[in-house]
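Note sheet for the following structure.
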Amino acid sequence: MLDTRDAATVRAAVGLACMAPSVHNSQPWRWLVGPASLHLHADLGRWLQVTDPDGRDLVMSCGAALHHLRVALVAAGRHAVVHRLPNPADGDHLAAVELRADGRPDTETDIGLASAIPVRRSDRRRFSTWPVPPAFLDELVAAAAANGARLTPVEPADHAAVLRAIRDAGLAQESLPGYSTELAMWSGGLVGPDGVPAANLPADPGAAGPAVRHFTPGVLEERYPDVDDGAQLLIIATSSDDPLSWLRAGEALSAVSLRAVVQGLASCPLSTPMEVTRTRLALRDDVLGGTSVPQLVLRVGWPPSGELPRTPRRPVSDVLTTVED
């Protein structure tokens, strides 16, 4: 049975976990606290079925929240054992987390990452022209590997192919019935506990560069819209393509984006080319050489001046339920 102190720790850790990046800031997760464990479930009521027909983005979003939770528990001095996809009869039950009084903390996480959780943003602005140092990229690659995924920095020769996949996927999605409505529902608002608010979106989506999804226009003005930035494109990939792989890719996204914050870098996940089968396969074959399955593109670089506001989050009381049995 969780004692009072553990219950408070779990609630605080879930609060940090819910700061994780998610597709359109939909926050598609539910947490159940049992007598001795914490359970992560996908919230299908927040599944963006036009944008994300396979549910890949939904599971990756939950995977990012799971890694945020692990980081938060380590920072609180708790030893957690994670069982991924513990219930074959319930595909929405993504993880069970046991808190144990003895044992060492999770060695795959870094206690220093916890301070990066409230600071991390999905930054859709153009980055500085400075390149990302190779040593920093090596650290990001290692962070993904420690969480069961492969991170591949996109070589200059493949940069155009990735941008082409993003552009082609965006055009394909724009022709889907209901896509523009779904995009408008989840972006450009001024208030609310979810979605991507206007304060975090470029006023001119085209000026933010070809790699950013064309959300509803926001209020961010680009100072140098015609200058190429020094963003580095990265691809998170896995050896398989199933819900466990998607969950692991989400954990890697969290690990890499938090490590980037520690390095002083900004980041922005780009899921568009993975949401269309044709462009996802093109990235697999043309950029990764068919050696692994791409799950997400991540854009990292030195942020421009000016701090982005924090995107809204649902209250913990809306996502956390305590059950007796």
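Residues in the structure tokens are numbered from 1 in each chain, the chains being A, B, ... in the order shown, and ligands are numbered from 1 in the order shown.
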
At a cut-off of 10 Å, can you tabulate as JSON lines every residue of stretch 27-85 of chain A near stretch 159-178 of chain A together with its closest atom pair and the distance in Å to one decimal, using only C-alpha atoms and ordering rows by chain then number?
```
{"residue": "A:Gln49", "atom": "CA", "partner": "A:Gly178", "partner_atom": "CA", "distance": 9.5}
{"residue": "A:Val50", "atom": "CA", "partner": "A:Gly178", "partner_atom": "CA", "distance": 6.7}
{"residue": "A:Thr51", "atom": "CA", "partner": "A:Gln173", "partner_atom": "CA", "distance": 7.4}
```

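Using only C-alpha atoms, the contacts of A:Asp318 at a cut-off of 12 Å, with sequence neighbours closer than 3 positions omitted, comprise A:Arg11, A:Val14, A:Gly15, A:Cys18, A:Gln27, A:Pro28, A:Trp29, A:Arg30, A:Trp31, A:Leu32, A:Asp43, A:Pro193, A:Asp194, A:Arg313, A:Arg314, A:Pro315, A:Thr321, A:Thr322.
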
Just all heavy atoms for this one: save the residues we selected as a compact mmCIF listing (two decimals), in the first residue's frame.
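Resulting contents of again_31.txt:
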```
# COMPACT_ATOMS: atom_id res chain seq x y z
N ARG A 11 1.75 11.95 -6.92
CA ARG A 11 0.96 13.05 -7.47
C ARG A 11 1.86 14.13 -8.05
O ARG A 11 1.60 14.66 -9.14
CB ARG A 11 0.05 13.63 -6.38
CG ARG A 11 -0.92 14.68 -6.90
CD ARG A 11 -1.88 15.14 -5.82
NE ARG A 11 -2.85 16.08 -6.37
CZ ARG A 11 -3.98 15.74 -6.95
NH1 ARG A 11 -4.30 14.46 -7.06
NH2 ARG A 11 -4.81 16.66 -7.44
N VAL A 14 3.39 12.82 -11.31
CA VAL A 14 2.43 12.85 -12.42
C VAL A 14 2.28 14.28 -12.94
O VAL A 14 2.16 14.51 -14.15
CB VAL A 14 1.07 12.27 -11.97
CG1 VAL A 14 -0.02 12.57 -13.00
CG2 VAL A 14 1.19 10.76 -11.76
N GLY A 15 2.31 15.26 -12.02
CA GLY A 15 2.24 16.65 -12.46
C GLY A 15 3.38 17.00 -13.41
O GLY A 15 3.16 17.68 -14.42
N CYS A 18 3.01 15.17 -16.87
CA CYS A 18 2.02 15.77 -17.77
C CYS A 18 2.52 17.02 -18.47
O CYS A 18 1.80 17.61 -19.27
CB CYS A 18 0.74 16.07 -16.99
SG CYS A 18 -0.13 14.58 -16.46
N GLN A 27 -2.35 15.92 -24.84
CA GLN A 27 -2.21 15.29 -23.52
C GLN A 27 -3.08 14.04 -23.40
O GLN A 27 -3.93 13.94 -22.51
CB GLN A 27 -2.53 16.30 -22.43
CG GLN A 27 -1.71 17.59 -22.52
CD GLN A 27 -2.25 18.70 -21.66
OE1 GLN A 27 -2.44 18.54 -20.47
NE2 GLN A 27 -2.52 19.85 -22.28
N PRO A 28 -2.86 13.05 -24.28
CA PRO A 28 -3.78 11.90 -24.37
C PRO A 28 -3.46 10.78 -23.40
O PRO A 28 -3.25 9.63 -23.80
CB PRO A 28 -3.59 11.46 -25.82
CG PRO A 28 -2.13 11.71 -26.08
CD PRO A 28 -1.80 12.97 -25.30
N TRP A 29 -3.41 11.09 -22.10
CA TRP A 29 -3.06 10.08 -21.11
C TRP A 29 -4.00 10.13 -19.92
O TRP A 29 -4.62 11.14 -19.60
CB TRP A 29 -1.61 10.30 -20.64
CG TRP A 29 -1.25 11.73 -20.42
CD1 TRP A 29 -1.76 12.59 -19.47
CD2 TRP A 29 -0.31 12.52 -21.18
NE1 TRP A 29 -1.19 13.84 -19.59
CE2 TRP A 29 -0.29 13.83 -20.62
CE3 TRP A 29 0.54 12.23 -22.26
CZ2 TRP A 29 0.52 14.85 -21.11
CZ3 TRP A 29 1.34 13.26 -22.74
CH2 TRP A 29 1.32 14.55 -22.18
N ARG A 30 -4.09 8.98 -19.26
CA ARG A 30 -4.81 8.86 -17.99
C ARG A 30 -3.90 8.08 -17.04
O ARG A 30 -3.21 7.16 -17.46
CB ARG A 30 -6.12 8.10 -18.15
CG ARG A 30 -7.16 8.77 -19.03
CD ARG A 30 -8.47 7.99 -19.03
NE ARG A 30 -8.30 6.66 -19.62
CZ ARG A 30 -8.45 5.51 -18.96
NH1 ARG A 30 -8.73 5.52 -17.66
NH2 ARG A 30 -8.30 4.36 -19.57
N TRP A 31 -3.92 8.44 -15.77
CA TRP A 31 -3.12 7.76 -14.77
C TRP A 31 -4.05 7.21 -13.69
O TRP A 31 -4.94 7.92 -13.20
CB TRP A 31 -2.14 8.74 -14.12
CG TRP A 31 -1.18 9.40 -15.07
CD1 TRP A 31 -1.38 10.57 -15.74
CD2 TRP A 31 0.11 8.92 -15.47
NE1 TRP A 31 -0.29 10.85 -16.53
CE2 TRP A 31 0.65 9.86 -16.37
CE3 TRP A 31 0.88 7.80 -15.13
CZ2 TRP A 31 1.91 9.73 -16.95
CZ3 TRP A 31 2.12 7.66 -15.70
CH2 TRP A 31 2.63 8.60 -16.60
N LEU A 32 -3.83 5.96 -13.32
CA LEU A 32 -4.58 5.33 -12.24
C LEU A 32 -3.60 4.93 -11.14
O LEU A 32 -2.60 4.26 -11.42
CB LEU A 32 -5.33 4.09 -12.74
CG LEU A 32 -6.35 4.29 -13.87
CD1 LEU A 32 -7.01 2.96 -14.23
CD2 LEU A 32 -7.42 5.30 -13.46
N ASP A 43 -5.69 7.82 -23.39
CA ASP A 43 -7.02 8.43 -23.34
C ASP A 43 -7.54 8.53 -24.77
O ASP A 43 -7.20 9.47 -25.50
CB ASP A 43 -6.94 9.81 -22.68
CG ASP A 43 -8.31 10.44 -22.47
OD1 ASP A 43 -9.29 9.97 -23.09
OD2 ASP A 43 -8.40 11.42 -21.70
N PRO A 193 -6.99 24.49 -21.34
CA PRO A 193 -6.00 23.63 -20.69
C PRO A 193 -5.21 22.74 -21.63
O PRO A 193 -4.37 21.97 -21.19
CB PRO A 193 -6.88 22.78 -19.77
CG PRO A 193 -8.16 22.62 -20.54
CD PRO A 193 -8.35 23.92 -21.28
N ASP A 194 -5.48 22.83 -22.94
CA ASP A 194 -4.79 21.96 -23.88
C ASP A 194 -4.71 22.64 -25.24
O ASP A 194 -5.10 23.79 -25.41
CB ASP A 194 -5.49 20.60 -23.98
CG ASP A 194 -7.00 20.74 -24.21
OD1 ASP A 194 -7.43 21.81 -24.69
OD2 ASP A 194 -7.74 19.79 -23.89
N ARG A 313 -1.61 23.17 -19.46
CA ARG A 313 -1.69 21.77 -19.06
C ARG A 313 -2.99 21.53 -18.29
O ARG A 313 -3.46 22.39 -17.54
CB ARG A 313 -0.50 21.38 -18.17
CG ARG A 313 0.82 21.26 -18.94
CD ARG A 313 0.75 20.10 -19.94
NE ARG A 313 2.00 19.86 -20.65
CZ ARG A 313 2.35 20.42 -21.78
NH1 ARG A 313 1.56 21.31 -22.34
NH2 ARG A 313 3.49 20.10 -22.38
N ARG A 314 -3.54 20.35 -18.47
CA ARG A 314 -4.73 19.97 -17.72
C ARG A 314 -4.38 19.80 -16.24
O ARG A 314 -3.27 19.37 -15.91
CB ARG A 314 -5.28 18.65 -18.27
CG ARG A 314 -5.62 18.70 -19.74
CD ARG A 314 -5.77 17.31 -20.32
NE ARG A 314 -6.90 16.59 -19.78
CZ ARG A 314 -7.08 15.27 -19.91
NH1 ARG A 314 -6.17 14.53 -20.53
NH2 ARG A 314 -8.14 14.70 -19.39
N PRO A 315 -5.28 20.12 -15.34
CA PRO A 315 -5.02 19.90 -13.92
C PRO A 315 -4.77 18.42 -13.64
O PRO A 315 -5.36 17.54 -14.29
CB PRO A 315 -6.30 20.38 -13.24
CG PRO A 315 -7.00 21.24 -14.24
CD PRO A 315 -6.62 20.71 -15.58
N THR A 321 -6.55 9.29 -11.25
CA THR A 321 -7.64 8.67 -10.50
C THR A 321 -7.06 7.66 -9.52
O THR A 321 -6.16 6.89 -9.89
CB THR A 321 -8.62 7.96 -11.44
OG1 THR A 321 -9.14 8.89 -12.39
CG2 THR A 321 -9.77 7.34 -10.65
N THR A 322 -7.55 7.66 -8.30
CA THR A 322 -7.13 6.67 -7.31
C THR A 322 -8.18 5.58 -7.23
O THR A 322 -9.39 5.85 -7.13
CB THR A 322 -6.97 7.33 -5.93
OG1 THR A 322 -5.98 8.37 -6.02
CG2 THR A 322 -6.55 6.32 -4.89
```

Name the residues in contact with stretch 62-66 of chain A at a cut-off of 9 Å, using only C-alpha atoms, excluding same-chain residues fewer than 5 positions from it; report them as a PyMOL selection string.
-> chain A and resi 14+16-22+27-29+40-42+57+71+94-95+246-255

Per residue of stretch 176-294 of chain A within 6 Å of stretch 148-157 of chain A, record the nearest atom pair and its distance in Å to one decimal, counting only C-alpha atoms, with rows in chain order and ascending residue number, as a tab-separated table.
```
residue	atom	partner	partner_atom	distance
A:Leu233	CA	A:Val154	CA	5.5
A:Leu234	CA	A:Pro153	CA	4.4
A:Ile235	CA	A:Thr152	CA	5.1
A:Ile236	CA	A:Leu151	CA	4.7
A:Ala237	CA	A:Arg150	CA	5.1
A:Thr238	CA	A:Ala149	CA	5.1
A:Arg248	CA	A:Gly148	CA	5.9
A:Ala249	CA	A:Ala149	CA	5.9
```

Dump as a PDB file, in the first residue's frame, selection limited to C-alpha atoms:
```
ATOM      1  CA  LEU A 233      17.223  17.443 -38.024  1.00  0.00           C
ATOM      2  CA  LEU A 234      17.242  14.144 -36.137  1.00  0.00           C
ATOM      3  CA  ILE A 235      15.231  10.982 -36.756  1.00  0.00           C
ATOM      4  CA  ILE A 236      14.090   8.790 -33.872  1.00  0.00           C
ATOM      5  CA  ALA A 237      13.761   5.213 -35.118  1.00  0.00           C
ATOM      6  CA  THR A 238      13.195   1.734 -33.730  1.00  0.00           C
ATOM      7  CA  ARG A 248       9.885   3.469 -26.554  1.00  0.00           C
ATOM      8  CA  ALA A 249      10.207   6.143 -29.241  1.00  0.00           C
TER       9      ALA A 249
END
```

If you run DSSP on the backbone, which residues of stretch 123-269 of chain A are helix (DSSP H, G or I), as a PyMOL selection string?
-> chain A and resi 134-145+156-174+179-185+198-200+205-208+243-263

Within 7 Å of A:Gly188, counting only C-alpha atoms, which residues qualify if same-chain residues fewer than 4 places away don't, as number ranges by chain?
-> A: 196-198, 216-218
